[in-house]
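K.L.:
To be precise about what I am sending: the file is called work.pdb and holds PDB, C-alpha atoms.
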```
ATOM      1  CA  MET A   1      11.569  -2.395  18.300
ATOM      2  CA  ALA A   2      12.440  -0.919  21.664
ATOM      3  CA  SER A   3      11.662   2.400  23.357
ATOM      4  CA  ASN A   4      14.282   5.071  23.933
ATOM      5  CA  GLY A   5      11.918   7.080  26.105
ATOM      6  CA  SER A   6      10.083   9.306  23.638
ATOM      7  CA  THR A   7      10.115   7.304  20.398
ATOM      8  CA  LEU A   8      10.759   3.754  19.305
ATOM      9  CA  GLU A   9      13.954   2.556  17.690
ATOM     10  CA  LEU A  10      15.098  -0.517  15.804
ATOM     11  CA  ARG A  11      17.224  -3.058  17.642
ATOM     12  CA  ARG A  12      18.252  -6.479  16.415
ATOM     13  CA  GLY A  13      17.116  -9.359  18.624
ATOM     14  CA  THR A  14      16.763 -13.132  18.712
ATOM     15  CA  ARG A  15      13.864 -15.468  19.458
ATOM     16  CA  ASN A  16      13.679 -19.092  20.478
ATOM     17  CA  GLY A  17      12.672 -21.646  17.876
ATOM     18  CA  LEU A  18       9.173 -21.171  16.460
ATOM     19  CA  ALA A  19       6.801 -24.060  15.819
ATOM     20  CA  PRO A  20       3.414 -23.759  14.120
ATOM     21  CA  GLN A  21       0.355 -24.445  16.225
ATOM     22  CA  PRO A  22      -2.829 -25.939  14.707
ATOM     23  CA  GLN A  23      -3.973 -23.897  11.685
ATOM     24  CA  GLN A  24      -0.691 -21.985  11.651
ATOM     25  CA  VAL A  25       2.128 -21.839   9.103
ATOM     26  CA  LEU A  26       5.819 -21.115   9.703
ATOM     27  CA  ILE A  27       7.372 -18.951   6.982
ATOM     28  CA  ARG A  28      11.035 -18.318   6.196
ATOM     29  CA  MET A  29      10.906 -14.707   5.103
ATOM     30  CA  GLY A  30      12.592 -13.674   1.881
ATOM     31  CA  ALA A  31      11.893  -9.938   1.920
ATOM     32  CA  ALA A  32       9.888  -7.225   3.636
ATOM     33  CA  SER A  33       8.940  -3.738   2.472
ATOM     34  CA  LEU A  34       8.248  -0.395   4.110
ATOM     35  CA  ASN A  35       5.225   1.882   4.026
ATOM     36  CA  TYR A  36       4.679   5.416   5.294
ATOM     37  CA  ARG A  37       2.772   3.799   8.157
ATOM     38  CA  ASP A  38       6.040   2.300   9.404
ATOM     39  CA  LEU A  39       7.486   5.776   9.915
ATOM     40  CA  LEU A  40       4.394   6.707  11.928
ATOM     41  CA  THR A  41       4.702   3.536  14.002
ATOM     42  CA  LEU A  42       8.126   4.640  15.251
ATOM     43  CA  GLN A  43       6.426   7.686  16.784
ATOM     44  CA  ASP A  44       3.295   5.877  17.974
ATOM     45  CA  PRO A  45       2.981   5.465  21.763
ATOM     46  CA  ALA A  46       0.431   2.692  21.146
ATOM     47  CA  SER A  47       3.175   0.604  19.492
ATOM     48  CA  ASN A  48       5.155   0.432  22.687
ATOM     49  CA  ARG A  49       5.578  -3.271  23.379
ATOM     50  CA  GLU A  50       9.198  -4.166  24.016
ATOM     51  CA  GLY A  51      10.435  -6.396  21.211
ATOM     52  CA  LEU A  52       7.645  -5.511  18.772
ATOM     53  CA  ILE A  53       8.606  -6.698  15.278
ATOM     54  CA  PRO A  54       7.760  -3.977  12.732
ATOM     55  CA  LEU A  55       6.615  -3.906   9.078
ATOM     56  CA  SER A  56       3.300  -5.141   7.732
ATOM     57  CA  ASP A  57       4.506  -6.328   4.317
ATOM     58  CA  GLY A  58       6.575  -9.355   3.438
ATOM     59  CA  ALA A  59       6.828 -12.578   1.460
ATOM     60  CA  GLY A  60       8.596 -15.855   2.049
ATOM     61  CA  THR A  61       8.554 -19.630   1.785
ATOM     62  CA  VAL A  62       6.592 -22.058   3.936
ATOM     63  CA  VAL A  63       8.895 -24.302   5.973
ATOM     64  CA  ALA A  64       6.362 -26.063   8.238
ATOM     65  CA  VAL A  65       2.610 -26.273   8.803
ATOM     66  CA  GLY A  66       0.574 -27.016  11.903
ATOM     67  CA  ALA A  67      -2.128 -29.589  12.393
ATOM     68  CA  GLY A  68      -5.201 -29.086  10.236
ATOM     69  CA  VAL A  69      -3.485 -27.031   7.528
ATOM     70  CA  THR A  70      -4.316 -28.529   4.132
ATOM     71  CA  ARG A  71      -3.916 -25.671   1.646
ATOM     72  CA  TRP A  72      -0.232 -24.964   2.266
ATOM     73  CA  LYS A  73       2.878 -27.125   2.276
ATOM     74  CA  ALA A  74       6.624 -26.672   2.699
ATOM     75  CA  GLY A  75       8.094 -24.866  -0.294
ATOM     76  CA  ASP A  76       5.024 -22.749  -1.104
ATOM     77  CA  ARG A  77       5.744 -19.053  -1.640
ATOM     78  CA  VAL A  78       3.303 -16.892   0.291
ATOM     79  CA  SER A  79       2.477 -13.425   1.589
ATOM     80  CA  VAL A  80       0.474 -12.594   4.723
ATOM     81  CA  ASN A  81      -2.467 -10.214   4.477
ATOM     82  CA  PHE A  82      -2.083  -6.845   6.241
ATOM     83  CA  PHE A  83      -5.216  -7.632   8.290
ATOM     84  CA  PRO A  84      -4.876 -11.366   9.043
ATOM     85  CA  ALA A  85      -8.398 -11.463  10.490
ATOM     86  CA  TRP A  86     -10.136  -9.868   7.464
ATOM     87  CA  ILE A  87     -10.649 -12.848   5.206
ATOM     88  CA  SER A  88     -13.630 -11.761   3.092
ATOM     89  CA  GLY A  89     -16.878  -9.817   3.229
ATOM     90  CA  GLY A  90     -17.435  -6.437   4.796
ATOM     91  CA  PHE A  91     -15.007  -4.668   7.069
ATOM     92  CA  SER A  92     -15.270  -4.932  10.856
ATOM     93  CA  PRO A  93     -13.501  -2.454  13.165
ATOM     94  CA  ALA A  94     -12.374  -5.463  15.208
ATOM     95  CA  VAL A  95      -9.771  -6.331  12.566
ATOM     96  CA  LEU A  96      -7.900  -3.059  13.129
ATOM     97  CA  ALA A  97      -6.141  -4.506  16.160
ATOM     98  CA  THR A  98      -4.775  -7.364  14.023
ATOM     99  CA  ALA A  99      -2.865  -5.095  11.597
ATOM    100  CA  LEU A 100       0.668  -6.443  11.311
ATOM    101  CA  GLY A 101       3.710  -4.554  12.526
ATOM    102  CA  GLY A 102       2.006  -1.940  14.674
ATOM    103  CA  GLY A 103       0.074  -1.577  17.877
ATOM    104  CA  GLN A 104       0.810  -4.775  19.743
ATOM    105  CA  THR A 105       0.966  -7.140  16.755
ATOM    106  CA  ASP A 106       4.286  -8.401  15.398
ATOM    107  CA  GLY A 107       5.111  -7.902  11.735
ATOM    108  CA  MET A 108       7.391  -9.120   8.988
ATOM    109  CA  LEU A 109      10.918  -7.851   9.761
ATOM    110  CA  SER A 110      12.087 -11.252  10.952
ATOM    111  CA  GLU A 111      13.834 -14.314   9.571
ATOM    112  CA  HIS A 112      10.828 -16.471  10.468
ATOM    113  CA  VAL A 113       7.161 -15.560  10.924
ATOM    114  CA  LEU A 114       4.195 -17.540  12.239
ATOM    115  CA  ALA A 115       0.881 -16.790  10.543
ATOM    116  CA  ASP A 116      -2.641 -18.142  10.466
ATOM    117  CA  ALA A 117      -3.132 -20.327   7.408
ATOM    118  CA  GLY A 118      -6.270 -18.429   6.401
ATOM    119  CA  ALA A 119      -4.374 -15.118   6.230
ATOM    120  CA  LEU A 120      -2.017 -16.268   3.470
ATOM    121  CA  VAL A 121      -2.130 -15.723  -0.274
ATOM    122  CA  PRO A 122       0.124 -17.387  -2.847
ATOM    123  CA  VAL A 123       2.880 -15.377  -4.516
ATOM    124  CA  ALA A 124       2.213 -14.920  -8.234
ATOM    125  CA  ASP A 125       4.485 -17.124 -10.316
ATOM    126  CA  HIS A 126       6.050 -14.236 -12.246
ATOM    127  CA  LEU A 127       7.072 -12.282  -9.132
ATOM    128  CA  THR A 128      10.188 -12.546  -6.988
ATOM    129  CA  LEU A 129       9.780 -12.623  -3.221
ATOM    130  CA  ALA A 130      11.092  -9.049  -3.078
ATOM    131  CA  GLU A 131       8.407  -7.942  -5.534
ATOM    132  CA  ALA A 132       5.695  -9.865  -3.694
ATOM    133  CA  ALA A 133       6.795  -8.266  -0.433
ATOM    134  CA  THR A 134       5.640  -4.866  -1.735
ATOM    135  CA  LEU A 135       2.002  -5.873  -2.170
ATOM    136  CA  PRO A 136       0.086  -6.412   1.109
ATOM    137  CA  CYS A 137      -0.463  -2.780   2.086
ATOM    138  CA  ALA A 138       0.112  -0.460  -0.884
ATOM    139  CA  ALA A 139      -1.039  -2.674  -3.751
ATOM    140  CA  VAL A 140      -4.081  -4.067  -1.938
ATOM    141  CA  THR A 141      -5.050  -0.516  -0.954
ATOM    142  CA  ALA A 142      -4.899   0.688  -4.560
ATOM    143  CA  TRP A 143      -6.789  -2.391  -5.747
ATOM    144  CA  HIS A 144      -9.495  -1.999  -3.092
ATOM    145  CA  ALA A 145      -9.934   1.694  -3.921
ATOM    146  CA  LEU A 146     -10.086   1.414  -7.701
ATOM    147  CA  PHE A 147     -11.585  -2.001  -8.376
ATOM    148  CA  GLU A 148     -13.490  -3.255  -5.324
ATOM    149  CA  ARG A 149     -15.063   0.053  -4.279
ATOM    150  CA  GLY A 150     -14.450   2.236  -7.301
ATOM    151  CA  GLN A 151     -15.515  -0.310  -9.938
ATOM    152  CA  LEU A 152     -13.042   1.294 -12.347
ATOM    153  CA  GLN A 153     -13.962   1.042 -16.015
ATOM    154  CA  PRO A 154     -11.685   1.222 -19.084
ATOM    155  CA  GLY A 155     -11.521   4.751 -20.443
ATOM    156  CA  GLU A 156     -12.209   6.441 -17.112
ATOM    157  CA  THR A 157      -9.724   8.925 -15.679
ATOM    158  CA  VAL A 158      -7.717   8.377 -12.506
ATOM    159  CA  LEU A 159      -5.543  10.900 -10.658
ATOM    160  CA  VAL A 160      -2.864   9.663  -8.257
ATOM    161  CA  GLN A 161      -0.941  11.965  -5.940
ATOM    162  CA  GLY A 162       2.809  11.423  -5.940
ATOM    163  CA  THR A 163       4.982   8.449  -6.831
ATOM    164  CA  GLY A 164       5.023   6.425  -3.635
ATOM    165  CA  GLY A 165       3.805   2.869  -3.248
ATOM    166  CA  VAL A 166       0.018   3.303  -3.417
ATOM    167  CA  ALA A 167       0.283   5.905  -6.171
ATOM    168  CA  LEU A 168       2.454   3.782  -8.453
ATOM    169  CA  PHE A 169       0.350   0.680  -7.889
ATOM    170  CA  GLY A 170      -2.681   2.781  -8.762
ATOM    171  CA  LEU A 171      -0.937   3.854 -11.960
ATOM    172  CA  LEU A 172       0.107   0.326 -12.934
ATOM    173  CA  LEU A 173      -3.257  -1.274 -12.181
ATOM    174  CA  ALA A 174      -5.400   1.427 -13.764
ATOM    175  CA  ALA A 175      -3.274   1.712 -16.908
ATOM    176  CA  ALA A 176      -3.362  -2.071 -17.384
ATOM    177  CA  HIS A 177      -7.170  -1.889 -17.169
ATOM    178  CA  GLY A 178      -7.348   0.724 -19.908
ATOM    179  CA  ALA A 179      -7.945   3.761 -17.720
ATOM    180  CA  LYS A 180      -6.261   7.133 -18.312
ATOM    181  CA  VAL A 181      -4.011   8.039 -15.384
ATOM    182  CA  ILE A 182      -2.880  11.506 -14.329
ATOM    183  CA  VAL A 183       0.122  11.623 -11.973
ATOM    184  CA  THR A 184       1.103  14.599  -9.822
ATOM    185  CA  SER A 185       4.574  15.157  -8.378
ATOM    186  CA  SER A 186       6.973  17.993  -7.593
ATOM    187  CA  SER A 187       9.773  16.215  -9.487
ATOM    188  CA  ASP A 188      10.057  16.321 -13.270
ATOM    189  CA  ALA A 189      12.381  13.318 -13.146
ATOM    190  CA  LYS A 190       9.805  11.249 -11.272
ATOM    191  CA  LEU A 191       7.054  12.411 -13.601
ATOM    192  CA  ALA A 192       9.116  11.288 -16.598
ATOM    193  CA  ARG A 193       9.439   7.847 -15.012
ATOM    194  CA  ALA A 194       5.701   7.774 -14.331
ATOM    195  CA  ARG A 195       5.014   8.560 -17.978
ATOM    196  CA  ALA A 196       7.263   5.672 -18.975
ATOM    197  CA  LEU A 197       5.130   3.407 -16.760
ATOM    198  CA  GLY A 198       1.971   4.391 -18.604
ATOM    199  CA  ALA A 199       0.806   7.728 -17.200
ATOM    200  CA  TRP A 200      -1.539   9.493 -19.618
ATOM    201  CA  LYS A 201      -0.842  13.014 -18.339
ATOM    202  CA  ILE A 202       1.497  14.468 -15.713
ATOM    203  CA  ILE A 203       1.274  17.559 -13.497
ATOM    204  CA  ASN A 204       4.164  19.125 -11.602
ATOM    205  CA  TYR A 205       2.431  20.667  -8.605
ATOM    206  CA  LYS A 206       5.525  22.736  -7.797
ATOM    207  CA  THR A 207       5.306  24.630 -11.075
ATOM    208  CA  GLN A 208       1.497  24.242 -11.231
ATOM    209  CA  PRO A 209       0.320  24.643  -7.619
ATOM    210  CA  ALA A 210      -3.304  24.781  -8.794
ATOM    211  CA  TRP A 211      -3.118  21.192  -9.955
ATOM    212  CA  ASP A 212      -6.883  20.843  -9.614
ATOM    213  CA  ALA A 213      -7.314  23.488 -12.324
ATOM    214  CA  ALA A 214      -4.734  21.677 -14.442
ATOM    215  CA  ALA A 215      -6.684  18.416 -14.041
ATOM    216  CA  LEU A 216      -9.873  20.170 -15.098
ATOM    217  CA  ASP A 217      -8.105  21.552 -18.172
ATOM    218  CA  ILE A 218      -6.787  18.086 -19.064
ATOM    219  CA  THR A 219     -10.296  16.618 -18.829
ATOM    220  CA  GLU A 220     -11.877  19.524 -20.758
ATOM    221  CA  GLY A 221     -13.626  20.820 -17.667
ATOM    222  CA  ARG A 222     -15.328  17.579 -16.670
ATOM    223  CA  GLY A 223     -13.004  16.527 -13.879
ATOM    224  CA  VAL A 224     -11.432  13.231 -12.895
ATOM    225  CA  ASP A 225     -13.491  10.074 -12.331
ATOM    226  CA  HIS A 226     -11.290   8.622  -9.564
ATOM    227  CA  ILE A 227      -8.770  10.298  -7.258
ATOM    228  CA  LEU A 228      -6.460   8.443  -4.892
ATOM    229  CA  GLU A 229      -6.341  11.031  -2.100
ATOM    230  CA  LEU A 230      -2.971  10.461  -0.457
ATOM    231  CA  GLY A 231      -1.997  13.907   0.794
ATOM    232  CA  GLY A 232      -4.477  14.846   3.493
ATOM    233  CA  PRO A 233      -5.147  18.427   4.638
ATOM    234  CA  ASP A 234      -2.960  20.089   2.000
ATOM    235  CA  THR A 235      -4.590  18.352  -0.963
ATOM    236  CA  TYR A 236      -8.183  17.546  -0.056
ATOM    237  CA  ASP A 237      -9.893  20.730  -1.194
ATOM    238  CA  ARG A 238      -8.164  20.473  -4.555
ATOM    239  CA  SER A 239      -9.253  16.847  -4.881
ATOM    240  CA  ILE A 240     -12.858  17.881  -4.311
ATOM    241  CA  ALA A 241     -12.491  20.650  -6.892
ATOM    242  CA  ALA A 242     -10.987  18.228  -9.435
ATOM    243  CA  ILE A 243     -13.450  15.340  -9.040
ATOM    244  CA  ALA A 244     -15.940  14.779 -11.837
ATOM    245  CA  PRO A 245     -19.714  14.493 -11.448
ATOM    246  CA  GLY A 246     -20.388  11.034 -10.088
ATOM    247  CA  GLY A 247     -16.692  10.618  -9.337
ATOM    248  CA  ARG A 248     -15.094   8.905  -6.357
ATOM    249  CA  ILE A 249     -12.349  10.124  -4.041
ATOM    250  CA  ALA A 250     -10.565   7.288  -2.250
ATOM    251  CA  GLN A 251      -9.522   8.587   1.181
ATOM    252  CA  ILE A 252      -6.217   6.828   1.848
ATOM    253  CA  GLY A 253      -3.272   8.952   2.894
ATOM    254  CA  VAL A 254      -2.163  11.315   5.630
ATOM    255  CA  LEU A 255       1.128  12.526   4.163
ATOM    256  CA  THR A 256       0.472  16.101   5.281
ATOM    257  CA  GLY A 257      -1.231  15.235   8.564
ATOM    258  CA  PHE A 258      -4.464  13.946  10.074
ATOM    259  CA  ALA A 259      -6.500  17.136  10.349
ATOM    260  CA  SER A 260      -8.410  17.167   7.056
ATOM    261  CA  ARG A 261     -11.519  19.356   7.310
ATOM    262  CA  PRO A 262     -12.414  19.958   3.672
ATOM    263  CA  ASN A 263     -15.556  21.670   2.460
ATOM    264  CA  ILE A 264     -17.514  18.671   1.205
ATOM    265  CA  LEU A 265     -20.568  20.640   0.041
ATOM    266  CA  PRO A 266     -19.414  20.615  -3.630
ATOM    267  CA  LEU A 267     -19.648  16.811  -3.601
ATOM    268  CA  GLN A 268     -23.400  17.082  -3.144
ATOM    269  CA  PHE A 269     -23.853  19.124  -6.294
ATOM    270  CA  LYS A 270     -21.578  16.789  -8.263
ATOM    271  CA  ASN A 271     -23.220  13.645  -6.908
ATOM    272  CA  ALA A 272     -19.663  12.571  -6.099
ATOM    273  CA  SER A 273     -18.518  10.526  -3.121
ATOM    274  CA  ILE A 274     -15.645   9.770  -0.751
ATOM    275  CA  ASP A 275     -14.704   6.156  -0.037
ATOM    276  CA  GLY A 276     -12.706   5.508   3.117
ATOM    277  CA  ILE A 277     -10.104   2.872   2.243
ATOM    278  CA  CYS A 278      -8.121   0.955   4.864
ATOM    279  CA  VAL A 279      -6.066  -1.688   3.001
ATOM    280  CA  GLY A 280      -8.227  -4.763   2.273
ATOM    281  CA  SER A 281      -9.151  -8.402   2.836
ATOM    282  CA  VAL A 282      -7.498 -11.689   1.922
ATOM    283  CA  GLN A 283     -10.087 -12.035  -0.827
ATOM    284  CA  HIS A 284      -9.150  -8.594  -2.207
ATOM    285  CA  PHE A 285      -5.492  -9.667  -2.154
ATOM    286  CA  GLU A 286      -6.277 -12.876  -4.057
ATOM    287  CA  ARG A 287      -8.159 -10.975  -6.768
ATOM    288  CA  LEU A 288      -5.287  -8.483  -6.998
ATOM    289  CA  ASN A 289      -2.851 -11.366  -7.528
ATOM    290  CA  GLN A 290      -5.015 -12.773 -10.300
ATOM    291  CA  PHE A 291      -4.983  -9.384 -12.030
ATOM    292  CA  LEU A 292      -1.210  -9.019 -11.617
ATOM    293  CA  SER A 293      -0.700 -12.480 -13.123
ATOM    294  CA  ALA A 294      -3.066 -11.858 -16.039
ATOM    295  CA  HIS A 295      -1.322  -8.590 -16.950
ATOM    296  CA  ARG A 296       2.206  -9.627 -15.904
ATOM    297  CA  ILE A 297       2.505  -6.510 -13.752
ATOM    298  CA  ARG A 298       5.714  -6.136 -11.756
ATOM    299  CA  PRO A 299       5.966  -3.742  -8.807
ATOM    300  CA  VAL A 300       8.396  -0.833  -8.935
ATOM    301  CA  ILE A 301      11.182  -1.287  -6.382
ATOM    302  CA  ASP A 302      13.201   1.810  -5.628
ATOM    303  CA  LYS A 303      15.965   0.202  -3.595
ATOM    304  CA  ASN A 304      16.861  -2.987  -1.726
ATOM    305  CA  PHE A 305      18.556  -2.911   1.680
ATOM    306  CA  ALA A 306      20.228  -5.675   3.675
ATOM    307  CA  PHE A 307      18.633  -6.766   6.950
ATOM    308  CA  ASP A 308      21.365  -5.081   8.992
ATOM    309  CA  ASP A 309      20.720  -1.843   7.101
ATOM    310  CA  ALA A 310      17.045  -1.620   8.114
ATOM    311  CA  PRO A 311      17.544   1.753   9.891
ATOM    312  CA  THR A 312      19.014   3.143   6.656
ATOM    313  CA  ALA A 313      15.982   1.859   4.756
ATOM    314  CA  TYR A 314      13.715   3.795   7.139
ATOM    315  CA  ALA A 315      15.799   6.936   6.624
ATOM    316  CA  HIS A 316      15.635   6.512   2.854
ATOM    317  CA  LEU A 317      11.844   6.281   2.963
ATOM    318  CA  GLN A 318      11.638   9.304   5.239
ATOM    319  CA  SER A 319      13.767  11.348   2.815
ATOM    320  CA  GLY A 320      11.010  11.208   0.219
ATOM    321  CA  SER A 321      13.533  10.629  -2.553
ATOM    322  CA  HIS A 322      12.223   7.156  -3.381
ATOM    323  CA  PHE A 323      10.263   6.210  -6.507
ATOM    324  CA  GLY A 324       8.261   3.101  -5.690
ATOM    325  CA  LYS A 325       8.864   0.669  -2.868
ATOM    326  CA  VAL A 326      11.727   0.338  -0.369
ATOM    327  CA  VAL A 327      12.572  -3.326   0.318
ATOM    328  CA  ILE A 328      14.627  -5.111   2.974
ATOM    329  CA  ASP A 329      16.220  -8.401   1.878
ATOM    330  CA  LEU A 330      15.762 -11.174   4.427
ATOM    331  CA  SER A 331      17.097 -14.039   2.323
TER     332      SER A 331
END
```
Using structure tokens, write down the structure that the file contains.
P.N.:
Amino acid sequence: MASNGSTLELRRGTRNGLAPQPQQVLIRMGAASLNYRDLLTLQDPASNREGLIPLSDGAGTVVAVGAGVTRWKAGDRVSVNFFPAWISGGFSPAVLATALGGGQTDGMLSEHVLADAGALVPVADHLTLAEAATLPCAAVTAWHALFERGQLQPGETVLVQGTGGVALFGLLLAAAHGAKVIVTSSSDAKLARARALGAWKIINYKTQPAWDAAALDITEGRGVDHILELGGPDTYDRSIAAIAPGGRIAQIGVLTGFASRPNILPLQFKNASIDGICVGSVQHFERLNQFLSAHRIRPVIDKNFAFDDAPTAYAHLQSGSHFGKVVIDLS
């Protein structure tokens, strides 16, 4: 990316030949995918390094390994974790600066990528590289929220807001685990597609603005056990109203801004909680892949774009018309 003065813009560039250093792997990228974060990065003055390579999510094939690398070899299909420095264990704020494709750290929108060997996970055998490229941010986030922190159990209820990447991964993962998923959207067409993917109940928040009341009606007044909170200021109070006693709200999204100041007092009297979720570790990603393989889950791809059409892919994501993930083909 390059600056045009007030915002960043995409420009195609070239780099000299890359060679892996000790404990590094060189990857020939097959595909990359976009997240809402990538739209924010274009407006982020902190992501102002000339030549910054955007996008956090991608998958490709190993073409060379550096000295000391024993787990990976040429021909292996791999993805790089969103936080390369978060391998396992608890979160450390220090890993935030390592997030791919933003700040000062290069990302995945490149023909070749160098990555630390410890930051890689194998691509599940049943997935294409394009499908695997959708996982590092959105799928790991949903997995972390529902399974690592939320300890989701079969039969519990889950509400996901919208039909973007995190929401649809939440739907697919939770439904495969035997949970009952409620999906909200302003589009009846998207809701019909969500039902076909396994949604238990659907709510059109355009025709039912009080979707929290609708969720309470669906659950016979008890409320929802898990909510993937993706909206931000415009949805938070309703999420708190809709959460069940002992339930968990996963704080994830900022689709309507960063200024959430909800009244959290009702959580006290429900013994409910809010979990802050910021993607996840390599270990989380590995457990997600095991689950995807066991249940043969395939990500939902809305549309594929050619590398030269990357600006159009950004515009498509920004339009909000997508259902699932937007992918850029790098093969």
K.L.:
Could you give me, as a Markdown table, a per-residue list for region 269-326 of chain A showing, wherever an atom lies at most 12 Å from an atom of region 195-213 of chain A, the closest pair of atoms and their distance in Å to one decimal, using all atoms listed in the file and sorting by chain then residue number from low to high?
P.N.:
```
| residue | atom | partner | partner_atom | distance |
| --- | --- | --- | --- | --- |
| A:Ile297 | CA | A:Leu197 | CA | 10.7 |
| A:Arg298 | CA | A:Leu197 | CA | 10.8 |
| A:Pro299 | CA | A:Leu197 | CA | 10.7 |
| A:Val300 | CA | A:Leu197 | CA | 9.5 |
| A:Phe323 | CA | A:Leu197 | CA | 11.8 |
| A:Gly324 | CA | A:Leu197 | CA | 11.5 |
```
K.L.:
Go ahead and write the selection's residues with C-alpha atoms as an mmCIF file, keeping the file's coordinate frame.
P.N.:
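File again-v6.cif, as written:
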```
data_model
loop_
_atom_site.group_PDB
_atom_site.id
_atom_site.type_symbol
_atom_site.label_atom_id
_atom_site.label_comp_id
_atom_site.auth_asym_id
_atom_site.auth_seq_id
_atom_site.Cartn_x
_atom_site.Cartn_y
_atom_site.Cartn_z
ATOM 1 C CA ILE A 297 2.505 -6.510 -13.752
ATOM 2 C CA ARG A 298 5.714 -6.136 -11.756
ATOM 3 C CA PRO A 299 5.966 -3.742 -8.807
ATOM 4 C CA VAL A 300 8.396 -0.833 -8.935
ATOM 5 C CA PHE A 323 10.263 6.210 -6.507
ATOM 6 C CA GLY A 324 8.261 3.101 -5.690
#
```
K.L.:
To one decimal place in Å, what is the distance between CA of Leu114 (chain A) and CA of His284 (chain A)?
P.N.:
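Pair CA of Leu114 (chain A) / CA of His284 (chain A) returns 21.6 Å.
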K.L.:
CA of Ser88 (chain A) and CA of Asp38 (chain A), how far apart in Å?
P.N.:
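Those two atoms sit 25.0 Å apart.
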K.L.:
Looking at A:Lys180, A:Thr61, A:Thr163, A:Asp217, which one is nearest to Ala192 (chain A), with distances taken over all atoms listed in the file?
P.N.:
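Counting all atoms listed in the file, the residue closest to Ala192 (chain A) is A:Thr163.
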K.L.:
Starting from the shown file, work through the PyMOL selection byres ((chain A and resi 71) around 12) and note down what comes out as a list in words.
P.N.:
Gln23, Gln24, Val25, Val62, Val65, Gly66, Ala67, Gly68, Val69, Thr70, Trp72, Lys73, Ala74, Asp76, Val78, Asp116, Ala117, Gly118, Ala119, Leu120, Val121 and Pro122 of chain A
K.L.:
Please measure the separation of CA of Arg37 (chain A) and CA of Asp329 (chain A), giving the value in Å to one decimal.
P.N.:
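Atom-to-atom, CA of Arg37 (chain A) and CA of Asp329 (chain A) are spaced 19.2 Å apart.
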K.L.:
I need the residue nearest Ala194 (chain A) from this list: A:Gly253, A:Pro20, A:Gly107, A:Gly170. Use all atoms listed in the file for the distance.
P.N.:
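Checking each of A:Gly253, A:Pro20, A:Gly107, A:Gly170 against Ala194 (chain A), counting all atoms listed in the file, the winner is A:Gly170.
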K.L.:
Selection in question (the file shown): the PyMOL selection byres ((chain A and resi 81) around 6). Which residues does it include, as a PyMOL selection string?
P.N.:
chain A and resi 80+82-84+119+136+282
K.L.:
Fewer than 5 positions away in the same chain doesn't count, so skip those; otherwise give me all residues within 10 Å of region 227-240 of chain A, counting all atoms listed in the file, as a compact mmCIF listing (two decimals) with C-alpha atoms, in the frame of the given file.
P.N.:
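File selection04.txt, as written:
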```txt
# COMPACT_ATOMS: atom_id res chain seq x y z
CA THR A 141 -5.05 -0.52 -0.95
CA ALA A 142 -4.90 0.69 -4.56
CA ALA A 145 -9.93 1.69 -3.92
CA LEU A 146 -10.09 1.41 -7.70
CA GLY A 150 -14.45 2.24 -7.30
CA THR A 157 -9.72 8.93 -15.68
CA VAL A 158 -7.72 8.38 -12.51
CA LEU A 159 -5.54 10.90 -10.66
CA VAL A 160 -2.86 9.66 -8.26
CA GLN A 161 -0.94 11.96 -5.94
CA GLY A 162 2.81 11.42 -5.94
CA GLY A 164 5.02 6.42 -3.64
CA VAL A 166 0.02 3.30 -3.42
CA ALA A 167 0.28 5.90 -6.17
CA GLY A 170 -2.68 2.78 -8.76
CA VAL A 181 -4.01 8.04 -15.38
CA ILE A 182 -2.88 11.51 -14.33
CA PRO A 209 0.32 24.64 -7.62
CA ALA A 210 -3.30 24.78 -8.79
CA TRP A 211 -3.12 21.19 -9.96
CA ASP A 212 -6.88 20.84 -9.61
CA ALA A 213 -7.31 23.49 -12.32
CA ALA A 215 -6.68 18.42 -14.04
CA GLY A 247 -16.69 10.62 -9.34
CA ARG A 248 -15.09 8.90 -6.36
CA ILE A 249 -12.35 10.12 -4.04
CA ALA A 250 -10.56 7.29 -2.25
CA GLN A 251 -9.52 8.59 1.18
CA ILE A 252 -6.22 6.83 1.85
CA GLY A 253 -3.27 8.95 2.89
CA VAL A 254 -2.16 11.32 5.63
CA LEU A 255 1.13 12.53 4.16
CA THR A 256 0.47 16.10 5.28
CA GLY A 257 -1.23 15.24 8.56
CA PHE A 258 -4.46 13.95 10.07
CA ALA A 259 -6.50 17.14 10.35
CA SER A 260 -8.41 17.17 7.06
CA ARG A 261 -11.52 19.36 7.31
CA PRO A 262 -12.41 19.96 3.67
CA ASN A 263 -15.56 21.67 2.46
CA ILE A 264 -17.51 18.67 1.20
CA LEU A 265 -20.57 20.64 0.04
CA PRO A 266 -19.41 20.62 -3.63
CA LEU A 267 -19.65 16.81 -3.60
CA LYS A 270 -21.58 16.79 -8.26
CA ALA A 272 -19.66 12.57 -6.10
CA SER A 273 -18.52 10.53 -3.12
CA ILE A 274 -15.64 9.77 -0.75
CA ASP A 275 -14.70 6.16 -0.04
CA GLY A 276 -12.71 5.51 3.12
CA ILE A 277 -10.10 2.87 2.24
```
K.L.:
Point out the residue among A:Gln290, A:Arg296, A:Tyr314, A:Val326 with the least atom-to-atom distance to Thr41 (chain A), counting all atoms listed in the file.
P.N.:
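Of the candidates, the smallest distance to Thr41 (chain A) is held by A:Tyr314.
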K.L.:
Counting all atoms listed in the file, which of A:Ala59, A:Leu152, A:Ala85, A:Ala189 gets nearest to Gln283 (chain A)?
P.N.:
A:Ala85
